[in-house]
file start00.csv (CSV, C-alpha atoms)
chain,number,residue,atom,x,y,z
L,1,ALA,CA,-61.2,257.1,-368.3
L,2,VAL,CA,-58.0,255.1,-368.1
L,3,LEU,CA,-56.8,256.5,-371.4
L,4,ALA,CA,-57.7,260.1,-370.5
L,5,ARG,CA,-55.8,259.8,-367.2
L,6,GLY,CA,-52.8,258.4,-369.0
L,7,LEU,CA,-52.8,261.3,-371.5
L,8,ASP,CA,-53.4,263.8,-368.6
L,9,GLU,CA,-50.4,262.5,-366.7
L,10,ALA,CA,-48.1,262.1,-369.7
L,11,LEU,CA,-48.9,265.5,-371.3
L,12,GLU,CA,-49.5,267.4,-368.1
L,13,LEU,CA,-52.8,268.7,-369.4
L,14,GLU,CA,-54.4,271.7,-367.6
L,15,GLY,CA,-57.2,270.6,-365.2
L,16,SER,CA,-58.0,267.1,-363.9
L,17,VAL,CA,-60.0,264.3,-365.5
L,18,ASP,CA,-61.0,263.3,-361.9
L,19,SER,CA,-62.5,266.7,-361.0
L,20,PRO,CA,-66.2,266.7,-360.3
L,21,ALA,CA,-66.7,269.1,-363.2
L,22,ALA,CA,-64.9,266.9,-365.7
L,23,GLN,CA,-66.8,263.8,-364.5
L,24,THR,CA,-70.1,265.6,-364.8
L,25,PHE,CA,-69.3,266.9,-368.2
L,26,ALA,CA,-68.2,263.4,-369.5
L,27,THR,CA,-71.2,261.7,-368.0
L,28,LEU,CA,-73.7,264.1,-369.5
L,29,ALA,CA,-72.1,264.0,-372.9
L,30,THR,CA,-72.0,260.3,-372.9
L,31,LEU,CA,-75.6,259.8,-371.8
L,32,LEU,CA,-77.0,262.5,-374.1
L,33,GLN,CA,-75.2,260.9,-377.1
L,34,GLU,CA,-76.4,257.5,-376.0
L,35,HIS,CA,-79.9,258.8,-375.9
L,36,VAL,CA,-79.8,259.8,-379.5
L,37,TYR,CA,-78.4,256.4,-380.7
L,38,LEU,CA,-80.7,254.4,-378.5
L,39,ALA,CA,-83.7,256.4,-379.7
L,40,GLY,CA,-82.6,255.8,-383.3
L,41,ILE,CA,-82.3,252.0,-382.7
L,42,ALA,CA,-85.7,251.9,-381.0
L,43,ILE,CA,-87.3,253.9,-383.8
L,44,ASP,CA,-85.8,251.6,-386.4
L,45,ILE,CA,-87.0,248.5,-384.6
L,46,GLY,CA,-90.5,250.1,-384.2
L,47,LEU,CA,-90.7,250.8,-387.9
L,48,GLU,CA,-89.4,247.3,-388.8
L,49,MET,CA,-91.2,245.1,-386.3
L,50,GLY,CA,-94.1,247.4,-385.1
L,51,LEU,CA,-94.5,249.7,-382.2
L,52,ASP,CA,-96.5,247.0,-380.4
L,53,SER,CA,-93.8,244.4,-380.8
L,54,ASP,CA,-91.8,242.8,-377.9
L,55,ALA,CA,-88.6,243.9,-379.7
L,56,PHE,CA,-89.7,247.5,-379.6
L,57,ALA,CA,-90.8,247.2,-375.9
L,58,GLN,CA,-87.3,246.0,-375.0
L,59,ALA,CA,-85.7,248.8,-377.0
L,60,ALA,CA,-87.9,251.3,-375.3
L,61,ASP,CA,-87.0,249.9,-371.9
L,62,THR,CA,-83.3,250.2,-372.7
L,63,LEU,CA,-83.9,253.8,-373.8
L,64,ASP,CA,-85.8,254.5,-370.6
L,65,GLY,CA,-82.9,253.2,-368.6
L,66,ASN,CA,-80.8,255.9,-370.2
L,67,SER,CA,-83.4,258.5,-369.2
L,68,VAL,CA,-83.3,257.3,-365.6
L,69,GLU,CA,-79.5,257.6,-365.6
L,70,LEU,CA,-79.7,261.1,-367.0
L,71,ALA,CA,-82.3,262.1,-364.4
L,72,SER,CA,-80.0,260.7,-361.7
L,73,VAL,CA,-77.2,263.0,-362.8
L,74,ILE,CA,-79.6,266.0,-362.6
L,75,GLY,CA,-80.8,264.8,-359.2
L,76,SER,CA,-77.3,264.5,-357.9
L,77,VAL,CA,-76.8,268.3,-358.2
L,78,ALA,CA,-80.4,269.5,-358.0
L,79,GLY,CA,-82.2,267.2,-355.6
L,80,ASP,CA,-84.7,264.3,-355.7
L,81,GLU,CA,-87.7,266.5,-356.6
L,82,ASN,CA,-85.9,268.0,-359.6
L,83,GLU,CA,-84.7,264.5,-360.6
L,84,GLU,CA,-88.3,263.4,-360.8
L,85,ALA,CA,-89.4,266.5,-362.6
L,86,PHE,CA,-86.6,266.2,-365.2
L,87,LEU,CA,-87.4,262.5,-365.7
L,88,GLN,CA,-91.1,263.2,-366.5
L,89,LEU,CA,-90.1,266.0,-368.9
L,90,TRP,CA,-87.6,263.8,-370.7
L,91,ARG,CA,-90.0,260.8,-370.9
L,92,ASP,CA,-92.6,263.2,-372.4
L,93,HIS,CA,-90.3,264.4,-375.1
L,94,ILE,CA,-89.4,260.8,-376.1
L,95,GLY,CA,-93.1,260.1,-376.4
L,96,PHE,CA,-93.5,263.1,-378.7
L,97,PHE,CA,-90.7,261.7,-380.9
L,98,VAL,CA,-92.6,258.4,-381.1
L,99,ASP,CA,-95.8,260.4,-382.1
L,100,TYR,CA,-93.7,262.1,-384.8
L,101,THR,CA,-92.5,258.7,-386.1
L,102,LEU,CA,-96.1,257.4,-386.3
L,103,ALA,CA,-97.2,260.5,-388.1
L,104,GLU,CA,-94.4,260.3,-390.6
L,105,ALA,CA,-95.0,256.6,-391.2
L,106,SER,CA,-98.7,257.2,-391.8
L,107,SER,CA,-98.3,260.5,-393.7
L,108,ASP,CA,-100.6,262.2,-391.2
L,109,GLU,CA,-99.8,265.9,-391.6
L,110,SER,CA,-102.0,267.0,-388.7
L,111,ALA,CA,-100.5,264.5,-386.3
L,112,ASN,CA,-97.0,265.5,-387.6
L,113,GLU,CA,-97.7,269.2,-386.8
L,114,GLN,CA,-99.1,268.3,-383.4
L,115,ALA,CA,-96.0,266.3,-382.5
L,116,LEU,CA,-93.7,269.1,-383.5
L,117,LEU,CA,-95.9,271.6,-381.5
L,118,ASN,CA,-95.6,269.3,-378.4
L,119,LEU,CA,-91.8,269.1,-378.9
L,120,GLY,CA,-91.7,272.9,-379.1
L,121,SER,CA,-93.7,273.1,-375.8
L,122,TYR,CA,-91.3,270.6,-374.2
L,123,GLY,CA,-88.4,272.9,-375.2
L,124,GLU,CA,-90.1,275.8,-373.4
L,125,SER,CA,-90.7,273.7,-370.2
L,126,ALA,CA,-87.2,272.3,-370.2
L,127,GLY,CA,-85.8,275.8,-370.7
L,128,ALA,CA,-87.6,277.1,-367.6
L,129,PHE,CA,-86.5,274.0,-365.7
L,130,PHE,CA,-82.8,274.4,-366.4
L,131,GLU,CA,-82.9,278.1,-365.8
L,132,GLU,CA,-84.4,277.5,-362.3
L,133,ILE,CA,-82.1,274.7,-361.2
L,134,THR,CA,-79.0,276.6,-362.4
L,135,ALA,CA,-80.1,279.8,-360.7
L,136,GLY,CA,-80.1,281.5,-364.1
L,137,GLU,CA,-76.6,280.3,-365.2
L,138,LEU,CA,-78.3,278.5,-368.1
L,139,PRO,CA,-81.0,280.9,-369.5
L,140,SER,CA,-84.2,279.5,-370.8
L,141,ALA,CA,-83.6,280.9,-374.2
L,142,ALA,CA,-80.3,279.2,-374.6
L,143,THR,CA,-81.8,275.8,-373.6
L,144,GLN,CA,-84.7,276.3,-376.0
L,145,GLU,CA,-82.3,277.1,-378.8
L,146,SER,CA,-80.2,274.0,-378.1
L,147,LEU,CA,-83.2,271.7,-377.8
L,148,ALA,CA,-84.6,273.1,-381.1
L,149,GLY,CA,-81.5,271.9,-382.7
L,150,HIS,CA,-81.9,268.5,-381.0
L,151,ILE,CA,-85.5,268.3,-382.3
L,152,ASP,CA,-84.5,269.4,-385.8
L,153,THR,CA,-81.6,266.9,-386.1
L,154,LEU,CA,-83.5,263.9,-384.6
L,155,THR,CA,-86.7,264.5,-386.5
L,156,ALA,CA,-84.6,264.6,-389.7
L,157,ALA,CA,-83.1,261.2,-388.8
L,158,ILE,CA,-86.6,259.8,-388.1
L,159,ALA,CA,-87.9,261.1,-391.4
L,160,ALA,CA,-84.9,259.4,-393.2
L,161,ALA,CA,-85.6,256.2,-391.3
L,162,VAL,CA,-89.2,256.2,-392.3
L,163,ALA,CA,-88.3,256.9,-395.9
L,164,GLY,CA,-85.7,254.1,-396.0
L,165,ASP,CA,-83.0,256.6,-396.8
L,166,THR,CA,-79.5,255.5,-395.9
L,167,THR,CA,-78.6,259.0,-394.9
L,168,VAL,CA,-80.3,258.1,-391.6
L,169,PHE,CA,-76.8,257.0,-390.2
L,170,ALA,CA,-75.2,260.4,-391.0
L,171,GLN,CA,-78.3,262.2,-389.6
L,172,LEU,CA,-78.1,260.2,-386.4
L,173,LYS,CA,-74.4,261.1,-386.0
L,174,MET,CA,-75.2,264.8,-386.6
L,175,ALA,CA,-78.0,264.6,-383.9
L,176,ALA,CA,-75.6,262.9,-381.5
L,177,HIS,CA,-72.9,265.5,-382.1
L,178,HIS,CA,-75.4,268.3,-381.4
L,179,VAL,CA,-76.0,267.1,-377.9
L,180,GLY,CA,-72.4,266.0,-377.2
L,181,VAL,CA,-69.1,267.6,-376.2
L,182,ASP,CA,-69.5,270.8,-378.2
L,183,GLY,CA,-73.3,271.1,-377.7
L,184,SER,CA,-76.0,270.6,-375.1
L,185,ALA,CA,-73.8,268.6,-372.7
L,186,ARG,CA,-71.2,271.4,-372.5
L,187,ALA,CA,-73.9,274.1,-371.9
L,188,ILE,CA,-75.6,272.1,-369.2
L,189,ALA,CA,-72.4,271.0,-367.5
L,190,THR,CA,-71.0,274.6,-367.6
L,191,ALA,CA,-74.1,276.0,-366.0
L,192,VAL,CA,-74.3,273.2,-363.3
L,193,VAL,CA,-70.7,273.8,-362.4
L,194,ALA,CA,-71.2,277.5,-362.1
L,195,ALA,CA,-74.4,277.2,-360.1
L,196,THR,CA,-73.1,274.7,-357.6
L,197,GLY,CA,-69.5,275.9,-357.3
L,198,MET,CA,-68.3,272.4,-358.3
L,199,GLU,CA,-64.6,271.9,-358.4
L,200,GLY,CA,-62.9,271.9,-361.8
L,201,SER,CA,-63.5,273.4,-365.2
L,202,VAL,CA,-65.6,272.0,-368.0
L,203,ASP,CA,-63.4,273.8,-370.5
L,204,SER,CA,-60.1,272.5,-369.3
L,205,PRO,CA,-58.1,270.3,-371.7
L,206,ALA,CA,-58.3,267.4,-369.3
L,207,ALA,CA,-62.1,267.6,-369.0
L,208,VAL,CA,-62.6,268.0,-372.8
L,209,THR,CA,-60.2,265.0,-373.4
L,210,LEU,CA,-62.2,262.8,-371.0
L,211,ALA,CA,-65.6,263.9,-372.4
L,212,THR,CA,-64.4,263.4,-376.0
L,213,LEU,CA,-63.0,260.0,-375.4
L,214,SER,CA,-66.1,259.0,-373.5
L,215,THR,CA,-68.4,259.9,-376.3
call {"tool": "encode", "arguments": {"input": "start00.csv", "output": "structure tokens"}}
result
Amino acid sequence: AVLARGLDEALELEGSVDSPAAQTFATLATLLQEHVYLAGIAIDIGLEMGLDSDAFAQAADTLDGNSVELASVIGSVAGDENEEAFLQLWRDHIGFFVDYTLAEASSDESANEQALLNLGSYGESAGAFFEEITAGELPSAATQESLAGHIDTLTAAIAAAVAGDTTVFAQLKMAAHHVGVDGSARAIATAVVAATGMEGSVDSPAAVTLATLST
């Protein structure tokens, strides 16, 4: 934030890093990317030390803290009821990723398919949720498409982790990029700003600079 403000002032960038739109965009981008990396760490610990281990429980708690923070951002613009609804949806989808990990680790094709079906259903539910809270500014189809990419990239990283493939690091980075400044975070932030009449622009150079440095 300090660096972004300095660049904003020195270069007289269009927009403001302190606008509500810029702050919302940067916060969403940061938390969504953090979600991917914390999920990757938790999955790696679960595979190494067991999903019933204290280490995995602590990793899962940290990941859940990120979920609570994300829900708080949603609640700040859509109300407490929607905050709780989002948190439940988000926690469910993390559980489905854990199910997918277990299925991959045990080579259980049936469980694998079920986990992917559940993740697909989550995408539909989340699409309807964001379309409603943004008064149609973020159509359900657009959210589903974005989340399909999130599911594809993160399941690829999980599969690589299970296989002991070192491409897992590149896969995680790709998954994080997908939800970041040029992905899901921008789409959600843009829709939230449009629906609420929030001051500022997500696409302004100042806002993009802040979000990029934050992530």
call {"tool": "closest_residue", "arguments": {"input": "start00.csv", "among": "L:Ser53, L:Ser106, L:Asn66, L:Thr24", "to": "Ile188 (chain L)", "atoms": "all atoms listed in the file"}}
result
L:Thr24
call {"tool": "closest_residue", "arguments": {"input": "start00.csv", "among": "L:Ile158, L:Val36, L:Ala85, L:Ala105", "to": "Thr215 (chain L)", "atoms": "all atoms listed in the file"}}
result
L:Val36
call {"tool": "closest_residue", "arguments": {"input": "start00.csv", "among": "L:Ala1, L:Ala159, L:Leu70, L:Val168", "to": "Ser107 (chain L)", "atoms": "all atoms listed in the file"}}
result
L:Ala159
call {"tool": "closest_residue", "arguments": {"input": "start00.csv", "among": "L:Asp52, L:Val68, L:Leu13, L:Phe96", "to": "Leu117 (chain L)", "atoms": "only C-alpha atoms"}}
result
L:Phe96
call {"tool": "atom_distance", "arguments": {"input": "start00.csv", "atom1": "CA of Leu47 (chain L)", "atom2": "CA of Ala157 (chain L)"}}
result
12.9 Å
call {"tool": "atom_distance", "arguments": {"input": "start00.csv", "atom1": "CA of Glu12 (chain L)", "atom2": "CA of Val181 (chain L)"}}
result
21.2 Å
call {"tool": "closest_residue", "arguments": {"input": "start00.csv", "among": "L:Ser140, L:Gln114, L:Thr101, L:Ser19", "to": "Ala187 (chain L)", "atoms": "all atoms listed in the file"}}
result
L:Ser140
call {"tool": "atom_distance", "arguments": {"input": "start00.csv", "atom1": "CA of Arg186 (chain L)", "atom2": "CA of Leu210 (chain L)"}}
result
12.5 Å
